[in-house]
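Student: Next up, work-v1.txt (compact mmCIF, C-alpha atoms).
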# COMPACT_ATOMS: atom_id res chain seq x y z
CA VAL A 1 62.54 8.99 3.42
CA ILE A 2 65.35 7.55 1.35
CA GLU A 3 68.48 9.63 1.02
CA LEU A 4 69.13 9.94 -2.66
CA GLU A 5 72.07 12.26 -3.06
CA ARG A 6 74.92 10.37 -1.39
CA PRO A 7 74.36 6.94 -3.00
CA LEU A 8 73.74 8.65 -6.28
CA VAL A 9 76.98 10.62 -6.18
CA GLU A 10 78.85 7.46 -5.22
CA GLU A 11 77.33 5.60 -8.14
CA LEU A 12 78.14 8.39 -10.55
CA GLU A 13 81.74 8.41 -9.37
CA ALA A 14 81.95 4.64 -9.71
CA LEU A 15 80.45 4.73 -13.18
CA ALA A 16 82.91 7.31 -14.39
CA PRO A 17 86.06 6.95 -12.30
CA LEU A 18 88.43 9.86 -12.47
CA ASP A 19 91.73 9.62 -14.24
CA ALA A 20 93.11 12.98 -15.27
CA GLN A 21 96.48 11.74 -16.39
CA GLY A 22 97.40 13.30 -19.70
CA ALA A 23 95.21 16.34 -19.21
CA SER A 24 97.08 19.59 -19.59
CA TRP A 25 96.28 23.17 -20.37
CA GLU A 26 99.19 23.32 -22.79
CA ASP A 27 97.51 20.64 -24.87
CA VAL A 28 94.23 22.56 -24.85
CA ALA A 29 96.04 25.74 -25.92
CA ARG A 30 97.81 23.86 -28.69
CA ARG A 31 94.54 22.42 -29.98
CA ALA A 32 92.98 25.88 -29.89
CA GLY A 33 95.82 27.22 -32.01
CA LEU A 34 97.07 29.70 -29.43
CA ARG A 35 100.47 31.07 -30.25
CA PRO A 36 103.20 29.49 -28.14
CA GLY A 37 104.46 31.88 -25.53
CA VAL A 38 101.32 33.97 -25.42
CA ARG A 39 100.21 32.14 -22.27
CA ARG A 40 102.55 29.75 -20.57
CA ARG A 41 100.66 28.92 -17.44
CA GLY A 42 100.81 25.17 -17.73
CA TYR A 43 98.88 23.36 -15.06
CA ARG A 44 99.35 26.01 -12.40
CA PRO A 45 96.76 28.56 -13.39
CA ALA A 46 95.54 29.04 -9.86
CA ILE A 47 98.93 30.25 -8.73
CA LEU A 48 99.37 32.54 -11.66
CA VAL A 49 95.82 33.79 -11.65
CA CYS A 50 96.52 34.81 -8.09
CA ALA A 51 99.71 36.54 -9.10
CA ALA A 52 97.84 38.39 -11.82
CA LEU A 53 95.34 39.65 -9.28
CA ALA A 54 98.16 40.71 -7.03
CA VAL A 55 99.46 42.88 -9.86
CA VAL A 56 96.03 44.39 -10.35
CA LEU A 57 95.72 45.16 -6.67
CA GLY A 58 99.29 46.38 -6.45
CA VAL A 59 100.46 44.07 -3.69
CA GLY A 60 103.43 42.46 -5.33
CA THR A 61 104.14 39.19 -7.11
CA ALA A 62 106.51 37.18 -4.92
CA ALA A 63 106.51 33.72 -6.42
CA SER A 64 107.85 32.12 -3.25
CA ALA A 65 104.51 32.58 -1.56
CA ALA A 66 102.43 31.75 -4.58
CA PHE A 67 98.94 30.57 -3.91
CA GLY A 68 95.81 29.84 -5.82
CA TRP A 69 92.13 29.84 -5.28
CA LYS A 70 88.96 28.81 -7.03
CA VAL A 71 87.21 31.70 -8.66
CA SER A 72 84.87 30.78 -11.46
CA PRO A 73 83.76 34.38 -11.94
CA PHE A 74 87.27 35.59 -11.25
CA TRP A 75 87.73 38.27 -13.87
CA SER A 76 84.20 39.53 -13.58
CA TRP A 77 84.82 39.92 -9.88
CA VAL A 78 88.00 41.87 -10.53
CA ASN A 79 86.16 44.16 -12.87
CA SER A 80 83.43 44.79 -10.34
CA TYR A 81 85.66 45.07 -7.26
CA PRO A 82 84.66 45.31 -4.52
CA PRO A 83 81.79 42.81 -4.47
CA GLY A 84 78.70 43.71 -2.49
CA ARG A 85 79.45 42.53 1.01
CA THR A 86 76.37 41.72 3.08
CA GLY A 87 77.99 40.29 6.21
CA PRO A 88 81.00 40.57 8.48
CA ILE A 89 84.49 39.56 7.39
CA VAL A 90 85.36 36.31 9.15
CA THR A 91 88.83 34.87 9.63
CA VAL A 92 88.55 31.24 8.57
CA PHE A 93 92.18 30.18 8.91
CA SER A 94 95.35 32.02 9.62
CA GLY A 95 99.04 31.29 9.96
CA ARG A 96 102.13 33.17 10.95
CA ASP A 97 102.23 35.11 7.73
CA TRP A 98 98.97 34.41 5.98
CA ASP A 99 95.20 34.66 6.43
CA LEU A 100 92.11 33.34 4.77
CA VAL A 101 89.02 35.41 5.36
CA ALA A 102 85.48 35.09 4.02
CA TRP A 103 82.31 37.08 3.91
CA LYS A 104 78.80 36.81 2.59
CA SER A 105 78.08 38.86 -0.50
CA THR A 106 75.54 39.40 -3.19
CA LYS A 107 77.67 37.12 -5.38
CA GLY A 108 77.82 34.21 -2.98
CA ILE A 109 80.52 33.60 -0.44
CA CYS A 110 83.68 35.60 -1.04
CA THR A 111 87.06 34.40 0.17
CA SER A 112 90.25 36.33 0.26
CA TYR A 113 93.72 34.96 0.87
CA GLY A 114 96.67 37.03 1.82
CA ALA A 115 100.32 36.10 2.25
CA PRO A 116 103.58 38.01 1.78
CA GLY A 117 103.63 39.25 -1.76
CA VAL A 118 100.46 37.51 -2.84
CA SER A 119 96.83 38.36 -2.35
CA GLY A 120 93.67 37.31 -4.10
CA SER A 121 89.94 37.01 -3.71
CA GLY A 122 86.99 35.38 -5.36
CA CYS A 123 83.24 34.98 -4.92
CA SER A 124 80.93 32.15 -5.88
CA PRO A 125 78.02 30.18 -4.47
CA LEU A 126 79.19 27.35 -2.24
CA PRO A 127 78.72 23.88 -3.71
CA ARG A 128 76.32 21.38 -2.15
CA ARG A 129 78.35 18.19 -2.39
CA PRO A 130 79.96 16.73 0.74
CA LEU A 131 83.48 17.72 -0.22
CA ALA A 132 84.67 20.33 -2.66
CA MET A 133 88.22 21.41 -3.22
CA ASP A 134 88.15 25.12 -3.77
CA PHE A 135 91.75 25.97 -4.42
CA GLY A 136 95.26 24.93 -3.70
CA GLY A 137 98.78 25.92 -4.39
CA GLY A 138 102.39 25.53 -3.49
CA VAL A 139 103.81 27.54 -0.65
CA SER A 140 107.31 26.22 -1.26
CA ARG A 141 109.00 23.73 -3.52
CA SER A 142 107.80 20.81 -1.43
CA GLN A 143 104.89 22.13 0.58
CA GLY A 144 101.40 22.90 -0.55
CA ARG A 145 98.16 24.16 0.87
CA ILE A 146 94.67 23.01 -0.08
CA ILE A 147 91.50 24.74 0.99
CA GLY A 148 87.97 23.63 0.33
CA THR A 149 84.60 23.23 1.93
CA VAL A 150 82.69 20.32 3.37
CA SER A 151 79.04 19.80 4.20
CA ALA A 152 77.80 19.80 7.79
CA ARG A 153 77.89 16.04 8.18
CA VAL A 154 81.61 15.78 7.41
CA VAL A 155 83.70 15.48 10.59
CA ARG A 156 87.07 14.48 9.16
CA VAL A 157 89.00 15.12 5.95
CA GLU A 158 91.96 12.95 5.12
CA VAL A 159 94.61 13.57 2.49
CA ARG A 160 96.11 10.45 0.94
CA LEU A 161 99.42 10.72 -0.83
CA PRO A 162 101.15 8.34 -3.22
CA GLY A 163 102.85 5.52 -1.38
CA GLY A 164 100.12 5.16 1.20
CA ARG A 165 101.00 8.16 3.33
CA SER A 166 98.15 10.20 4.65
CA PHE A 167 97.41 13.05 6.99
CA ARG A 168 94.41 14.80 8.35
CA ALA A 169 93.20 18.21 7.27
CA ARG A 170 91.97 20.86 9.68
CA ILE A 171 88.29 21.70 9.59
CA SER A 172 87.19 25.21 10.51
CA ARG A 173 84.69 26.10 13.18
CA ARG A 174 81.10 26.54 12.12
CA LEU A 175 80.64 29.86 10.38
CA PRO A 176 77.06 31.07 10.91
CA GLU A 177 78.17 34.56 9.91
CA LEU A 178 78.40 33.29 6.35
CA GLY A 179 74.85 31.96 6.38
CA THR A 180 75.94 28.42 5.60
CA THR A 181 76.31 25.17 7.46
CA ARG A 182 79.35 24.29 5.35
CA ARG A 183 82.78 24.55 6.88
CA PHE A 184 86.18 25.08 5.34
CA PHE A 185 89.01 22.60 5.50
CA LEU A 186 92.73 23.26 5.25
CA ALA A 187 95.39 20.71 4.35
CA GLU A 188 99.02 21.65 4.55
CA GLY A 189 101.75 19.18 3.80
CA PRO A 190 104.03 17.68 1.15
CA LEU A 191 101.60 18.64 -1.58
CA SER A 192 103.71 19.69 -4.48
CA PHE A 193 100.88 18.87 -6.87
CA VAL A 194 100.69 22.35 -8.26
CA LEU A 195 104.38 22.80 -8.74
CA ASN A 196 104.77 19.25 -9.97
CA HIS A 197 101.76 17.92 -11.82
CA GLU A 198 103.00 14.36 -11.47
CA THR A 199 102.28 14.28 -7.78
CA ARG A 200 98.84 12.96 -6.95
CA PHE A 201 96.68 13.17 -3.89
CA THR A 202 93.22 12.12 -2.87
CA LEU A 203 90.92 13.88 -0.44
CA LEU A 204 88.45 11.79 1.52
CA ALA A 205 85.64 13.18 3.66
CA TYR A 206 84.22 11.08 6.49
CA ASP A 207 81.00 11.39 8.45
CA ALA A 208 80.62 10.73 12.18
CA ASN A 209 80.17 7.01 11.53
CA GLY A 210 83.49 6.77 9.72
CA HIS A 211 81.90 6.41 6.31
CA VAL A 212 83.43 8.08 3.30
CA VAL A 213 80.85 10.57 2.09
CA GLY A 214 82.96 12.59 -0.32
CA ARG A 215 86.04 12.15 -2.41
CA PHE A 216 88.22 14.29 -4.63
CA GLY A 217 90.93 13.01 -6.88
CA MET B 218 94.31 47.15 -17.37
CA LEU B 219 93.40 43.65 -18.35
CA GLU B 220 92.32 43.08 -21.92
CA GLY B 221 88.87 41.52 -22.20
CA ASP B 222 90.00 38.70 -24.47
CA ASP B 223 92.88 37.77 -22.23
CA ALA B 224 90.65 37.98 -19.19
CA MET B 225 88.20 35.59 -20.83
CA LEU B 226 91.02 33.22 -21.61
CA GLY B 227 92.13 33.38 -17.99
CA GLU B 228 88.63 32.63 -16.84
CA ILE B 229 88.41 29.56 -19.08
CA GLU B 230 91.80 28.43 -17.87
CA ALA B 231 90.76 28.84 -14.23
CA LEU B 232 87.67 26.79 -14.98
CA TYR B 233 89.83 24.05 -16.47
CA ALA B 234 92.07 24.01 -13.42
CA THR B 235 89.32 23.88 -10.85
CA ARG B 236 86.63 21.84 -12.57
CA LEU B 237 88.58 19.37 -14.69
CA PRO B 238 87.49 16.29 -12.67
CA ALA B 239 83.81 17.11 -13.15
CA PHE B 240 84.27 17.68 -16.90
CA LEU B 241 86.16 14.42 -17.25
CA ARG B 242 83.54 12.46 -15.37
CA VAL B 243 80.64 13.84 -17.39
CA ALA B 244 82.49 13.20 -20.65
CA ARG B 245 83.17 9.69 -19.50
CA ALA B 246 79.49 9.27 -18.68
CA ILE B 247 78.77 10.06 -22.33
CA LEU B 248 81.59 8.11 -23.92
CA GLY B 249 82.33 5.36 -21.45
CA ASP B 250 85.95 5.30 -22.46
CA ARG B 251 88.65 7.14 -20.54
CA GLU B 252 90.80 8.10 -23.51
CA ARG B 253 87.92 9.36 -25.60
CA ALA B 254 86.56 11.30 -22.63
CA LEU B 255 89.90 13.03 -22.18
CA GLU B 256 90.04 13.85 -25.88
CA ALA B 257 86.54 15.29 -25.74
CA VAL B 258 87.33 17.51 -22.76
CA GLN B 259 90.53 18.79 -24.36
CA ASP B 260 88.71 19.42 -27.64
CA GLY B 261 85.77 21.01 -25.86
CA PHE B 262 87.98 23.49 -24.04
CA ALA B 263 89.88 24.20 -27.24
CA ASP B 264 86.53 24.91 -28.94
CA ALA B 265 85.62 27.23 -26.08
CA ILE B 266 88.87 29.15 -26.53
CA ARG B 267 88.41 29.46 -30.27
CA SER B 268 84.81 30.63 -30.02
CA ARG B 269 85.15 32.73 -26.86
CA GLY B 270 84.34 35.84 -28.86
CA SER B 271 80.80 34.56 -29.32
CA PHE B 272 80.12 34.31 -25.59
CA ARG B 273 77.75 37.17 -24.74
CA ARG B 274 77.72 36.77 -20.95
CA GLU B 275 73.97 36.24 -21.02
CA GLY B 276 74.52 33.33 -18.65
CA PRO B 277 77.36 31.84 -16.62
CA LEU B 278 80.58 31.13 -18.47
CA GLU B 279 80.72 27.71 -16.87
CA ALA B 280 77.40 26.65 -18.43
CA TRP B 281 78.63 27.85 -21.82
CA VAL B 282 81.85 25.85 -21.50
CA TRP B 283 79.88 22.82 -20.35
CA ARG B 284 77.92 23.06 -23.56
CA THR B 285 81.04 23.04 -25.71
CA VAL B 286 82.45 20.06 -23.80
CA VAL B 287 79.18 18.11 -23.88
CA ASN B 288 78.88 18.83 -27.60
CA ALA B 289 82.45 17.63 -28.16
CA ALA B 290 81.69 14.43 -26.28
CA ARG B 291 78.45 13.83 -28.15
CA LYS B 292 80.24 14.46 -31.43
CA ALA B 293 82.87 11.92 -30.46
CA ALA B 294 80.14 9.46 -29.49
CA ARG B 295 78.72 9.65 -32.99
CA ARG B 296 82.02 8.70 -34.59
CA PRO B 297 82.13 5.04 -35.63
CA LEU B 298 84.46 2.83 -33.65
CA VAL B 299 86.44 -0.07 -34.94
CA GLU B 300 85.65 -1.84 -31.75
CA GLU B 301 82.63 -1.08 -29.63
CA THR B 302 83.82 0.43 -26.36
CA LEU B 303 80.79 2.32 -25.17
CA SER B 304 80.30 0.26 -22.07
CA PHE B 305 81.78 1.71 -18.90
CA VAL B 306 85.39 0.74 -18.45
CA GLU B 307 85.96 -1.44 -15.38
CA THR B 308 89.73 -1.38 -15.19
CA ASP B 309 90.18 1.37 -12.66
CA GLU B 310 90.87 1.20 -8.95
CA ARG B 311 87.25 1.25 -8.03
CA PRO B 312 85.21 -1.26 -10.03
CA SER B 313 81.59 -0.39 -10.55
CA PRO B 314 79.58 -2.03 -7.81
CA PRO B 315 76.92 -4.37 -9.16
CA THR B 316 74.15 -2.67 -7.24
CA GLY B 317 70.66 -2.03 -8.47
CA VAL B 318 71.36 1.69 -8.41
CA GLY B 319 74.37 1.32 -10.66
CA ARG B 320 72.46 -0.77 -13.14
CA VAL B 321 69.62 1.73 -13.19
CA VAL B 322 71.94 4.69 -13.75
CA ARG B 323 73.67 2.82 -16.56
CA SER B 324 70.40 1.99 -18.25
CA LEU B 325 68.99 5.52 -18.13
CA PRO B 326 68.55 7.34 -21.43
CA GLU B 327 71.57 9.49 -22.16
CA ARG B 328 69.83 12.77 -21.38
CA GLN B 329 68.62 11.57 -17.99
CA ARG B 330 72.04 10.21 -17.12
CA LEU B 331 73.69 13.46 -18.18
CA VAL B 332 71.25 15.54 -16.20
CA LEU B 333 72.04 13.45 -13.13
CA PHE B 334 75.76 14.01 -13.59
CA LEU B 335 75.41 17.70 -14.25
CA ARG B 336 73.10 18.20 -11.29
CA TYR B 337 74.61 15.94 -8.66
CA TYR B 338 78.23 15.84 -9.64
CA ALA B 339 78.87 19.09 -11.48
CA ASP B 340 76.54 21.03 -9.15
CA LEU B 341 74.93 22.97 -11.98
CA ASP B 342 71.53 24.55 -11.50
CA TYR B 343 68.61 23.81 -13.82
CA ARG B 344 69.23 26.85 -16.02
CA SER B 345 72.90 25.99 -16.47
CA ILE B 346 72.09 22.37 -17.24
CA ALA B 347 69.55 23.52 -19.81
CA ASP B 348 72.17 25.79 -21.38
CA ALA B 349 74.76 23.03 -21.35
CA LEU B 350 72.48 20.53 -23.03
CA GLY B 351 70.70 22.98 -25.31
CA VAL B 352 67.25 22.11 -23.97
CA GLU B 353 64.49 23.90 -22.07
CA VAL B 354 64.55 24.15 -18.29
CA GLY B 355 61.30 22.17 -18.24
CA THR B 356 63.03 19.32 -20.04
CA VAL B 357 65.77 19.33 -17.43
CA SER B 358 63.16 19.22 -14.69
CA SER B 359 61.23 16.34 -16.22
CA SER B 360 64.39 14.38 -17.07
CA LEU B 361 65.71 14.81 -13.55
CA ALA B 362 62.37 13.77 -12.05
CA ALA B 363 62.29 10.62 -14.17
CA ALA B 364 65.89 9.75 -13.34
CA ARG B 365 65.36 10.37 -9.62
CA ALA B 366 62.26 8.20 -9.63
CA ALA B 367 64.15 5.35 -11.27
CA VAL B 368 67.06 5.66 -8.85
CA ARG B 369 64.77 5.94 -5.84
CA LYS B 370 62.95 2.78 -6.91
CA ALA B 371 66.26 0.98 -7.22
CA LEU B 372 67.31 2.18 -3.77
CA VAL B 373 64.09 0.83 -2.30
CA GLU B 374 64.79 -2.53 -3.91
CA VAL B 375 68.44 -2.54 -2.77
CA ASN B 376 67.42 -1.69 0.77
CA GLY B 377 64.75 -4.40 0.71
CA LEU B 378 62.00 -1.95 1.53
Would you kindly transcribe this structure into structure tokens?

Tutor:
Amino acid sequence: VIELERPLVEELEALAPLDAQGASWEDVARRAGLRPGVRRRGYRPAILVCAALAVVLGVGTAASAAFGWKVSPFWSWVNSYPPGRTGPIVTVFSGRDWDLVAWKSTKGICTSYGAPGVSGSGCSPLPRRPLAMDFGGGVSRSQGRIIGTVSARVVRVEVRLPGGRSFRARISRRLPELGTTRRFFLAEGPLSFVLNHETRFTLLAYDANGHVVGRFG
Amino acid sequence: MLEGDDAMLGEIEALYATRLPAFLRVARAILGDRERALEAVQDGFADAIRSRGSFRREGPLEAWVWRTVVNAARKAARRPLVEETLSFVETDERPSPPTGVGRVVRSLPERQRLVLFLRYYADLDYRSIADALGVEVGTVSSSLAAARAAVRKALVEVNGL
């Protein structure tokens, strides 16, 4: 049996290398003819989408603890809150003043993040690729937090910063309660990418043999 | 209470924030050129914003936005160029490896190549790919099968099997 997916994804990435410089939501809004000032989210929608949800749920809007998360069906989820939970709520990661929990639902895997002043949730099917960045945001002017998922064969996730610096992300325990072999990863560090779009980072996922099997950025 | 129109706009914006790399890569697969791909993605999202009132939620929003972006890229591909630049640009950090697989993927018909990108890179299911490309699910299935067969054959040759 020849594994098709990994070499194929690598080829696709090599054929169309990523370079997002110059991409901005403001430019999209301008092209669409939106009135200036109607929406001024810039390239930090995840943070502000989270804040908007916090308003809806009545838990405050403290910008100092702003955070973001991936929620493709975000607004539909809000409108149908709460989603149909079909499994236990599992704590994936937690810190002194924040938690990330997840549960299985009829709308895929739901995740919910809570920190002082900010709370948000979203549900979607988990991706199949080796590494997927789900959401990220600034927790202070210079520190950021990235959360995503990796496939079962990924044993290490590395964050590479401009200038050659790098650090390792934490990978969660296996989460059979969610009915998936995927695990979550958490990277916390000098990731001001959301607050400052100029800052770049790359995520690399490695298998047990030290091969890069997934890449983001 | 959130207004529906504003909520839809927020949903499109969230999609842009979280899925931009995938959109850029697929557009680049169609256009080959980085600048034109970026233009197509920006135009595609702008089209999605302008026509968001026509989205009936009969399928996933993401598939509908993919369609607008793919259409924008295809439209751009039809525009005449002063200088032909439709080959894949090789000036980035990671040059395309001259493997048999890469050559095969490059030489695939556009639809097969797009289906590969949308399936393996954008993680769309068959129905969403069909919606994005404006074709039947059966066409997606047959295109993907043909593309997989070509890639698998190339992998066999590369591995010397």

Student: Excluding B:Gly351 and its own-chain neighbours fewer than 6 positions away, which residues fall within 12 Å of it when counting all atoms listed in the file? Please give them as a PyMOL selection string.

Tutor: chain B and resi 280-281+283-285+287-288+328+332+343-345+357

Student: Point out the residue among B:Val258, B:Ala362, B:Ala263, B:Ala293 with the least atom-to-atom distance to chain A, counting all atoms listed in the file.

Tutor: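 Once distances to chain A are computed over all atoms listed in the file, the minimum belongs to B:Ala263.
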
Student: For the atom pair atom CA of A:Arg128 and atom CA of A:Arg160, what is the interatomic distance in Å to one decimal place?

Tutor: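 Going from atom CA of A:Arg128 over to atom CA of A:Arg160, I get 22.8 Å.
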
Student: From the list A:Ser124, A:Thr91, A:Thr86, A:Ser166, which residue is nearest chain B when using all atoms listed in the file?

Tutor: A:Ser124

Student: What gap, in Å, lies between atom CA of A:Ala23 and atom CA of B:Arg245?

Tutor: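 Going from atom CA of A:Ala23 over to atom CA of B:Arg245 covers 13.8 Å.
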
Student: Hey, can you check how far atom CA of B:Gly261 sits from atom CA of B:Arg274?

Tutor: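 We find that atom CA of B:Gly261 and atom CA of B:Arg274 lie 18.4 Å from each other.
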
Student: Can you write out as a Markdown table which residues of chain B fall within 8 Å of chain A, alongside each residue's closest atom pair and its distance in Å to one decimal, counting only C-alpha atoms and ordering rows by chain and ascending residue number?

Tutor:
| residue | atom | partner | partner_atom | distance |
| --- | --- | --- | --- | --- |
| B:Met218 | CA | A:Val56 | CA | 7.7 |
| B:Ala224 | CA | A:Trp75 | CA | 6.1 |
| B:Met225 | CA | A:Trp75 | CA | 7.5 |
| B:Gly227 | CA | A:Val49 | CA | 7.3 |
| B:Glu228 | CA | A:Trp75 | CA | 6.4 |
| B:Glu230 | CA | A:Pro45 | CA | 6.7 |
| B:Ala231 | CA | A:Pro45 | CA | 6.1 |
| B:Leu232 | CA | A:Ser72 | CA | 6.0 |
| B:Tyr233 | CA | A:Trp25 | CA | 7.6 |
| B:Ala234 | CA | A:Pro45 | CA | 6.5 |
| B:Thr235 | CA | A:Lys70 | CA | 6.2 |
| B:Leu237 | CA | A:Ala20 | CA | 7.9 |
| B:Pro238 | CA | A:Leu18 | CA | 6.5 |
| B:Leu241 | CA | A:Leu18 | CA | 7.0 |
| B:Arg242 | CA | A:Ala16 | CA | 5.3 |
| B:Val243 | CA | A:Ala16 | CA | 7.5 |
| B:Arg245 | CA | A:Ala16 | CA | 5.6 |
| B:Ala246 | CA | A:Ala16 | CA | 5.8 |
| B:Gly249 | CA | A:Ala16 | CA | 7.3 |
| B:Arg251 | CA | A:Asp19 | CA | 7.4 |
| B:Leu255 | CA | A:Ala23 | CA | 6.9 |
| B:Gln259 | CA | A:Val28 | CA | 5.3 |
| B:Asp260 | CA | A:Val28 | CA | 6.9 |
| B:Phe262 | CA | A:Val28 | CA | 6.4 |
| B:Ala263 | CA | A:Ala32 | CA | 4.4 |
| B:Asp264 | CA | A:Ala32 | CA | 6.6 |
| B:Ile266 | CA | A:Ala32 | CA | 6.2 |
| B:Arg267 | CA | A:Ala32 | CA | 5.8 |
| B:Leu278 | CA | A:Pro73 | CA | 8.0 |
| B:Glu279 | CA | A:Ser72 | CA | 7.5 |
| B:Phe305 | CA | A:Leu15 | CA | 6.6 |
| B:Asp309 | CA | A:Pro17 | CA | 6.9 |
| B:Arg311 | CA | A:Ala14 | CA | 6.5 |
| B:Pro312 | CA | A:Ala14 | CA | 6.7 |
| B:Ser313 | CA | A:Ala14 | CA | 5.1 |
| B:Pro314 | CA | A:Ala14 | CA | 7.3 |
| B:Val318 | CA | A:Glu11 | CA | 7.1 |
| B:Gly319 | CA | A:Glu11 | CA | 5.8 |
| B:Val322 | CA | A:Glu11 | CA | 7.8 |
| B:Arg323 | CA | A:Leu15 | CA | 7.8 |
| B:Phe334 | CA | A:Leu12 | CA | 6.8 |
| B:Tyr337 | CA | A:Val9 | CA | 6.3 |
| B:Tyr338 | CA | A:Val9 | CA | 6.4 |
| B:Asp340 | CA | A:Pro127 | CA | 6.5 |
| B:Arg365 | CA | A:Leu4 | CA | 7.9 |
| B:Val368 | CA | A:Leu8 | CA | 7.8 |
| B:Arg369 | CA | A:Leu4 | CA | 6.7 |
| B:Leu372 | CA | A:Ile2 | CA | 7.7 |
| B:Val373 | CA | A:Ile2 | CA | 7.8 |

Student: Given the choices B:Ala290, B:Leu350, B:Pro277, B:Val282, which gets closest to B:Glu252 if the distance is worked out from all atoms listed in the file?

Tutor: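 Closest to B:Glu252 of all the choices is B:Ala290.
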